[in-house]
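Worksheet: the structure to be examined is printed underneath.
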Amino acid sequence: MPSYLQIENISKAYGPKVLFEHIGFNINEGDKIALIAPNGTGKTSLLRILAGEDKSDSGGRILFLKDIRIAFLQQEYDYDPGLTIEEQVLRHSAPLTADFHEEERRDYRQRVRELLTSFRLPDPAKPMAALSGGEVKRVAISELLALQAEFLILDEPTNHLDIEAIEFLEGYLKRSRCTLLMVTHDRYFLDRVCNTVMELDHGAIYTYKGNYQNFLEKREERIAQYNAETDKVRNLLRRELEWIHATPCARSGKAKYRIDAFHELSERASQVYSTQQVNLEGVGAASRLGSKIIHCTDVCYDWEGIPMLRDFTYNFQRFDKVGIVGRNGVGKSTFLDLLTGAIEADSGTIDRGETLRIGYYRQQGMEFRPGDTVLDIVPDTRLLGRFLFPHDMLSTRVERLSGGEKRRLYLLTILLQEPNLLILDEPTNDLDIVTLNILEEYLKEFQGSLLIVSHDRHFLDRVTDHLLVFCGEGVVKDFIGSFSEYRAYIYDIEAQRRTAGATARAKAAPPRQEPSASEARPRKLSWKEQRELESIEAELPRLEAEKAELETRMSSGALPYTELQEASARIQTLIDEISQRELRWLELSE
């Protein structure tokens with residue numbers, strides 16, 4: 001495989017804090033690499049240098065294969081709220097498509113429209129100001145993928161995406177032949193997309209072929225080997241120290257090289273490998289929780305005429321660990337605001353227990369005054385140290401922290417309230433994988449009730465055992481089990497529908513035959529039922545043919561956007577009609 005990217009001798013520091021120094025690595029065609037490191041250690045800085053958005057402090061060399069196209073997805077998408085989706089994409093991507101011929105630009109616009117439709121953003125005339133955070137992220141990804149770049153650099157691509165959008169992106173990148181370097185905290189996404197893990201650790205780069213589990217195993221081996229070598233160096237240092245003390249007169253002339261080697265050994269012997277981790281033990285123990293948590297009865301709420309909740313009734317129990325899932329914009333965060341009293345229901349009752357103490361970790365993060373330092377936010381140096389804020393960071397202004405460091409500080413402020421009902425709205429955004437693993441263990445042992453809105457499938461599987469599924473139009477379904485069990489249940493239903501459809505088509509195709517006399521005679525259909533059955537058998541092939549024709553036209557890339565929208569809407573209608581007729585056909589046939 002040809003080398004797509006060669007890195008030599010690049011460094012980055014902010015003041016006295018060195019992120020990485022004189023690092024180098026190579027990326028080959030077809031590599032799909034996940035970059036892993038603790039928050040604040042330089043992941044985003046490294047990506048920005050590679051993408052040309054920042055510079056290495058030490059110069060160095062960044063050499064991409066000639067003529068390959070590179071596309072960079074930053075964590076924050078720069079957009080003008082006054083533009084429509086289509087205007088924003090075309091203006092933002094204009095510098096990237098400047099070298100395109102007119103036909104290429106036309107194809108690019110068509111691909112953007114198709115991707116927006118796949119990401120459930122079918123109206124390009126919708127203003128950017130009206131989009132949610134998840135919708136803005138889908139616009140950014142659509143713009144990037146439409147470039148069909150050979151090399152993608154992605155910084156936290158799944159942040160703010162709902163599970164359906166994550167699964168679409170996962171499938172797209174898995175099938176794509178692009179070369180990929182990305183930062184992600186989503187472990188399922190990592191395992192299903194990437195074939196290599198690259199670790200940025202103590203300012204150095206280490207590369208591991210394989211999945212996340214293999215990375216953990218090989219990393220432990222590397223650390224154990226490093227510390228074993230340190231032990232050997234210490235033994236050698238002990239012998240050299242004995243020589244130094246025993247023969248002071250020899251420390252001159254020819255022995256000078258040995259003195260120099262002694263000092264090098266001393267430095268190496270002091271380098272015991274240790275990894276700092278967030279320590280949640282004993283932090284924010286839950287206060288006593290009574291038998292009554294929150295009782296909801298016939299709760300309804302509309303937002304700007306859109307139903308967010310319809311006749312919702314549920315009694316939350318002690319030690320419930322509930323995951324809340326659903327598409328962006330269906331009302332999950334609104335639901336949390338209703339439970340906490342931040343907003344009032346239109347009708348119904350929400351009754352909260354007397355001993356209830358809520359800790360609410362909001363998606364927007366914490367509010368702080370400009371100029372606030374870490375110590376201003378949490379005036380406890382011991383706890384700050386346990387949350388990886390060492391003494392030299394205590395006077396750092398909050399606005400200068402990385403996204404993950406801000407989230408970690410915010411989480412500490414919530415846990416210090418000693419809540420007995422912990423509500424977390426997208427807690428995994430911006431947190432590194434190591435911190436997530438520790439947070440998962442803490443939440444599993446949390447002695448209170450827990451409600452979590454998250455699109456991180458691994459996180460949900462580890463922490464929750466019960467789901468509230470927001471289906472849209474205010475409908476909420478209750479599912480007992482993990483998220484993976486829920487997805488398996490949904491896939492099973494879809495498989496049954498496909499099987500039923502295939503059976504219906506197979507039976508509808510051959511001519512009808514009269515049953516033999518030996519066969520058991522079914523109940524005879526009424527005249528009306530017989531006519532309905534014949535009508536369905538005639539309609540199904542016609543509907544399937546229309547659907548196939550529309551799919552062929554959509555994939556051709558030649559449809560104008562208005563016709564593409566109409567075709568997409570018609571296909572969804574056809575899918576529903578075919579499903580209804582197949583189920584009815586089975587009822588009549590049986």
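We name chains A, B, ... following the order of the structure tokens; residues begin at 1 in each chain, and ligands are numbered from 1 as shown.
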
**Q.** Residues near Leu83 of chain A, cut-off 10 Å, only C-alpha atoms, skip fewer than 5 positions along chain, as a list in words
**A.**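 That gives Gln88, Val89, Arg91, Ala125, Lys126, Pro127, Met128 and Ala129 of chain A.
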
Write out, as a Markdown table, each residue of segment 403-439 of chain A that has an atom at most 9 Å from segment 23-46 of chain A, together with the closest pair of atoms and their distance in Å to one decimal, counting only C-alpha atoms, rows going by chain and rising number.
```
| residue | atom | partner | partner_atom | distance |
| --- | --- | --- | --- | --- |
| A:Gly403 | CA | A:Asn39 | CA | 7.8 |
| A:Gly404 | CA | A:Asn39 | CA | 5.3 |
| A:Glu405 | CA | A:Asn39 | CA | 6.2 |
| A:Asp430 | CA | A:Asn39 | CA | 8.0 |
| A:Leu431 | CA | A:Asn39 | CA | 6.9 |
| A:Asp432 | CA | A:Pro38 | CA | 5.5 |
| A:Ile433 | CA | A:Pro38 | CA | 7.5 |
| A:Val434 | CA | A:Pro38 | CA | 6.9 |
| A:Thr435 | CA | A:Pro38 | CA | 7.9 |
```

So which residues touch Leu467 of chain A within 12 Å, counting only C-alpha atoms, skipping near sequence neighbours fewer than 4 positions away, as a PDB file with N, CA and C atoms, in the first residue's frame?
```
ATOM      1  N   PHE A 316     -41.039   6.456  38.410  1.00  0.00           N
ATOM      2  CA  PHE A 316     -39.631   6.083  38.524  1.00  0.00           C
ATOM      3  C   PHE A 316     -39.386   5.440  39.884  1.00  0.00           C
ATOM      4  N   ASP A 320     -33.523   2.782  39.942  1.00  0.00           N
ATOM      5  CA  ASP A 320     -33.705   2.681  38.487  1.00  0.00           C
ATOM      6  C   ASP A 320     -32.455   3.181  37.780  1.00  0.00           C
ATOM      7  N   LYS A 321     -32.042   2.478  36.729  1.00  0.00           N
ATOM      8  CA  LYS A 321     -30.973   2.966  35.853  1.00  0.00           C
ATOM      9  C   LYS A 321     -31.540   2.969  34.433  1.00  0.00           C
ATOM     10  N   VAL A 322     -32.085   4.122  34.042  1.00  0.00           N
ATOM     11  CA  VAL A 322     -32.899   4.239  32.838  1.00  0.00           C
ATOM     12  C   VAL A 322     -32.124   4.987  31.751  1.00  0.00           C
ATOM     13  N   GLY A 323     -32.055   4.393  30.564  1.00  0.00           N
ATOM     14  CA  GLY A 323     -31.516   5.062  29.393  1.00  0.00           C
ATOM     15  C   GLY A 323     -32.639   5.666  28.580  1.00  0.00           C
ATOM     16  N   ILE A 324     -32.432   6.870  28.083  1.00  0.00           N
ATOM     17  CA  ILE A 324     -33.444   7.564  27.282  1.00  0.00           C
ATOM     18  C   ILE A 324     -32.876   7.746  25.885  1.00  0.00           C
ATOM     19  N   VAL A 325     -33.525   7.137  24.894  1.00  0.00           N
ATOM     20  CA  VAL A 325     -32.990   7.125  23.536  1.00  0.00           C
ATOM     21  C   VAL A 325     -34.049   7.594  22.545  1.00  0.00           C
ATOM     22  N   GLY A 326     -33.588   8.019  21.392  1.00  0.00           N
ATOM     23  CA  GLY A 326     -34.476   8.479  20.328  1.00  0.00           C
ATOM     24  C   GLY A 326     -33.728   9.445  19.429  1.00  0.00           C
ATOM     25  N   LEU A 450     -30.933   6.765  38.407  1.00  0.00           N
ATOM     26  CA  LEU A 450     -30.106   7.283  37.317  1.00  0.00           C
ATOM     27  C   LEU A 450     -30.921   7.381  36.039  1.00  0.00           C
ATOM     28  N   LEU A 451     -30.887   8.559  35.398  1.00  0.00           N
ATOM     29  CA  LEU A 451     -31.509   8.763  34.086  1.00  0.00           C
ATOM     30  C   LEU A 451     -30.435   9.304  33.151  1.00  0.00           C
ATOM     31  N   ILE A 452     -30.271   8.652  31.999  1.00  0.00           N
ATOM     32  CA  ILE A 452     -29.209   9.050  31.079  1.00  0.00           C
ATOM     33  C   ILE A 452     -29.757   9.187  29.666  1.00  0.00           C
ATOM     34  N   VAL A 453     -29.580  10.372  29.080  1.00  0.00           N
ATOM     35  CA  VAL A 453     -29.764  10.548  27.638  1.00  0.00           C
ATOM     36  C   VAL A 453     -28.400  10.362  26.999  1.00  0.00           C
ATOM     37  N   SER A 454     -28.277   9.406  26.105  1.00  0.00           N
ATOM     38  CA  SER A 454     -26.990   9.177  25.453  1.00  0.00           C
ATOM     39  C   SER A 454     -27.204   8.493  24.111  1.00  0.00           C
ATOM     40  N   LEU A 460     -24.449   3.021  27.169  1.00  0.00           N
ATOM     41  CA  LEU A 460     -25.793   2.587  27.557  1.00  0.00           C
ATOM     42  C   LEU A 460     -25.801   1.120  27.980  1.00  0.00           C
ATOM     43  N   ASP A 461     -25.110   0.273  27.232  1.00  0.00           N
ATOM     44  CA  ASP A 461     -25.076  -1.146  27.561  1.00  0.00           C
ATOM     45  C   ASP A 461     -24.425  -1.398  28.918  1.00  0.00           C
ATOM     46  N   VAL A 463     -24.227   0.712  31.532  1.00  0.00           N
ATOM     47  CA  VAL A 463     -24.758   1.421  32.699  1.00  0.00           C
ATOM     48  C   VAL A 463     -26.247   1.188  32.930  1.00  0.00           C
ATOM     49  N   VAL A 476     -43.819   7.561  23.787  1.00  0.00           N
ATOM     50  CA  VAL A 476     -42.683   6.996  24.520  1.00  0.00           C
ATOM     51  C   VAL A 476     -42.994   5.542  24.831  1.00  0.00           C
ATOM     52  N   LYS A 477     -42.071   4.651  24.453  1.00  0.00           N
ATOM     53  CA  LYS A 477     -42.255   3.219  24.711  1.00  0.00           C
ATOM     54  C   LYS A 477     -41.276   2.755  25.784  1.00  0.00           C
ATOM     55  N   ASP A 478     -41.744   1.829  26.597  1.00  0.00           N
ATOM     56  CA  ASP A 478     -40.963   1.293  27.706  1.00  0.00           C
ATOM     57  C   ASP A 478     -40.361  -0.040  27.284  1.00  0.00           C
ATOM     58  N   PHE A 479     -39.028  -0.198  27.447  1.00  0.00           N
ATOM     59  CA  PHE A 479     -38.364  -1.452  27.086  1.00  0.00           C
ATOM     60  C   PHE A 479     -37.477  -1.893  28.237  1.00  0.00           C
ATOM     61  N   ILE A 480     -37.707  -3.095  28.745  1.00  0.00           N
ATOM     62  CA  ILE A 480     -36.889  -3.660  29.808  1.00  0.00           C
ATOM     63  C   ILE A 480     -35.729  -4.408  29.169  1.00  0.00           C
ATOM     64  N   GLY A 481     -34.519  -3.943  29.394  1.00  0.00           N
ATOM     65  CA  GLY A 481     -33.351  -4.598  28.822  1.00  0.00           C
ATOM     66  C   GLY A 481     -32.311  -3.579  28.396  1.00  0.00           C
ATOM     67  N   SER A 482     -31.194  -4.076  27.898  1.00  0.00           N
ATOM     68  CA  SER A 482     -30.097  -3.206  27.468  1.00  0.00           C
ATOM     69  C   SER A 482     -30.378  -2.626  26.087  1.00  0.00           C
ATOM     70  N   PHE A 483     -29.537  -1.680  25.681  1.00  0.00           N
ATOM     71  CA  PHE A 483     -29.725  -1.094  24.360  1.00  0.00           C
ATOM     72  C   PHE A 483     -29.467  -2.118  23.266  1.00  0.00           C
ATOM     73  N   SER A 484     -28.445  -2.954  23.412  1.00  0.00           N
ATOM     74  CA  SER A 484     -28.158  -3.981  22.396  1.00  0.00           C
ATOM     75  C   SER A 484     -29.323  -4.953  22.264  1.00  0.00           C
ATOM     76  N   GLU A 485     -29.956  -5.278  23.391  1.00  0.00           N
ATOM     77  CA  GLU A 485     -31.140  -6.155  23.337  1.00  0.00           C
ATOM     78  C   GLU A 485     -32.284  -5.459  22.616  1.00  0.00           C
ATOM     79  N   TYR A 486     -32.418  -4.153  22.826  1.00  0.00           N
ATOM     80  CA  TYR A 486     -33.467  -3.399  22.129  1.00  0.00           C
ATOM     81  C   TYR A 486     -33.210  -3.379  20.626  1.00  0.00           C
ATOM     82  N   ARG A 487     -31.966  -3.121  20.214  1.00  0.00           N
ATOM     83  CA  ARG A 487     -31.656  -3.105  18.786  1.00  0.00           C
ATOM     84  C   ARG A 487     -31.865  -4.479  18.162  1.00  0.00           C
TER      85      ARG A 487
END
```

Q.
Could you check the closest approach to Ile153 of chain A for each of A:Leu73, A:Ala228, A:Leu19, A:Leu415 and tell me which residue wins, using only C-alpha atoms?
A. A:Leu73

Q.
Please determine, counting only C-alpha atoms, which residue among A:Ala500, A:Met198, A:Val330, A:Leu412 has the shortest atom-to-atom distance to Gly359 of chain A.
A. A:Leu412

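Here atom CA of Tyr301 of chain A is placed at a distance of 7.1 Å from atom CA of Ser347 of chain A.
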
Q. Rounded to one decimal in Å, what is the spacing between atom CA of Ala13 of chain A and atom CA of Asp57 of chain A?
A.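 Pair atom CA of Ala13 of chain A / atom CA of Asp57 of chain A returns 7.3 Å.
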
Q. Counting only C-alpha atoms, which of A:Glu544, A:Leu190, A:Thr297, A:Ala569 gets nearest to Thr117 of chain A?
A.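 Using only C-alpha atoms, Thr117 of chain A sits closest to A:Ala569.
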
Q: Just the residues within 9 Å of Asn159 of chain A, please, counting only C-alpha atoms, with nothing from its chain fewer than 4 positions along; format it as a VMD selection string.
A: chain A and resid 75 134 137 184 to 186 426 428 to 430 455

For the residues selected in the previous step, produce a file with C-alpha atoms as a PDB file, in the first residue's frame.
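File part_8.pdb, as written:
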```pdb
ATOM      1  CA  GLN A  75     -15.559  19.560  16.426  1.00  0.00           C
ATOM      2  CA  GLY A 134     -27.265  17.246  16.009  1.00  0.00           C
ATOM      3  CA  LYS A 137     -23.395  18.171  12.812  1.00  0.00           C
ATOM      4  CA  THR A 184     -13.619   9.226  18.815  1.00  0.00           C
ATOM      5  CA  HIS A 185     -14.818   8.134  22.247  1.00  0.00           C
ATOM      6  CA  ASP A 186     -17.504   5.797  20.839  1.00  0.00           C
ATOM      7  CA  GLU A 426     -25.186  13.433  26.803  1.00  0.00           C
ATOM      8  CA  THR A 428     -20.081  11.157  26.937  1.00  0.00           C
ATOM      9  CA  ASN A 429     -19.546  14.158  24.641  1.00  0.00           C
ATOM     10  CA  ASP A 430     -15.925  15.352  24.871  1.00  0.00           C
ATOM     11  CA  HIS A 455     -26.224   8.070  21.902  1.00  0.00           C
TER      12      HIS A 455
END
```

Q. So how many Å separate atom CA of Ile306 of chain A and atom CA of Ser333 of chain A, to one decimal?
A.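 Atom CA of Ile306 of chain A sits 14.5 Å away from atom CA of Ser333 of chain A.
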
Show me, as a PDB file with C-alpha atoms, in the first residue's frame, the residues that have an atom within 12 Å of Asp302 of chain A when counting only C-alpha atoms, minus same-chain residues fewer than 4 positions from it.
```pdb
ATOM      1  CA  ILE A 306     -45.046  19.963  18.009  1.00  0.00           C
ATOM      2  CA  PRO A 307     -46.015  17.229  20.515  1.00  0.00           C
ATOM      3  CA  MET A 308     -43.015  16.302  22.691  1.00  0.00           C
ATOM      4  CA  LEU A 309     -44.963  14.184  25.206  1.00  0.00           C
ATOM      5  CA  ARG A 310     -48.436  12.658  24.995  1.00  0.00           C
ATOM      6  CA  ASP A 311     -50.245  11.191  28.016  1.00  0.00           C
ATOM      7  CA  VAL A 330     -37.948  14.181  19.560  1.00  0.00           C
ATOM      8  CA  GLY A 331     -37.975  15.746  23.032  1.00  0.00           C
ATOM      9  CA  THR A 334     -37.239  18.611  27.008  1.00  0.00           C
ATOM     10  CA  PHE A 335     -38.386  15.566  28.989  1.00  0.00           C
ATOM     11  CA  LEU A 338     -39.996  18.647  32.681  1.00  0.00           C
ATOM     12  CA  ILE A 343     -40.293  23.868  32.471  1.00  0.00           C
ATOM     13  CA  GLU A 344     -43.942  23.128  33.282  1.00  0.00           C
ATOM     14  CA  ALA A 345     -46.124  20.509  31.600  1.00  0.00           C
ATOM     15  CA  ASP A 346     -49.139  21.631  29.559  1.00  0.00           C
ATOM     16  CA  SER A 347     -51.283  19.095  31.400  1.00  0.00           C
ATOM     17  CA  GLY A 472     -41.661  11.003  17.964  1.00  0.00           C
ATOM     18  CA  GLU A 473     -45.072  12.713  18.062  1.00  0.00           C
ATOM     19  CA  GLY A 474     -44.947  12.489  21.863  1.00  0.00           C
TER      20      GLY A 474
END
```

Q. Given the choices A:Glu537, A:Glu354, A:Asp456, A:Glu21, which gets closest to Arg288 of chain A if the distance is worked out from only C-alpha atoms?
A. A:Glu354

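Among A:Leu116, A:Leu131, A:Cys178, A:Val278, the residue with the shortest atom-to-atom distance to Gln148 of chain A, counting only C-alpha atoms, is A:Cys178.
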
**Q.** Selected residue, from A:Ile7, A:Ile423, A:Val283, A:Ala71, that lies nearest to Arg362 of chain A when counting only C-alpha atoms
**A.**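 Of all the options, A:Ile423 lies closest to Arg362 of chain A.
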
Name the residues in contact with Val398 of chain A at a cut-off of 7 Å, using only C-alpha atoms, excluding same-chain residues fewer than 6 positions from it; report them as a PDB file with C-alpha atoms, in the first residue's frame.
```pdb
ATOM      1  CA  ASP A 372     -13.143  32.200  36.486  1.00  0.00           C
ATOM      2  CA  THR A 373     -10.330  29.792  37.297  1.00  0.00           C
ATOM      3  CA  VAL A 374     -10.530  26.075  38.012  1.00  0.00           C
ATOM      4  CA  LYS A 406     -14.433  21.543  31.001  1.00  0.00           C
TER       5      LYS A 406
END
```
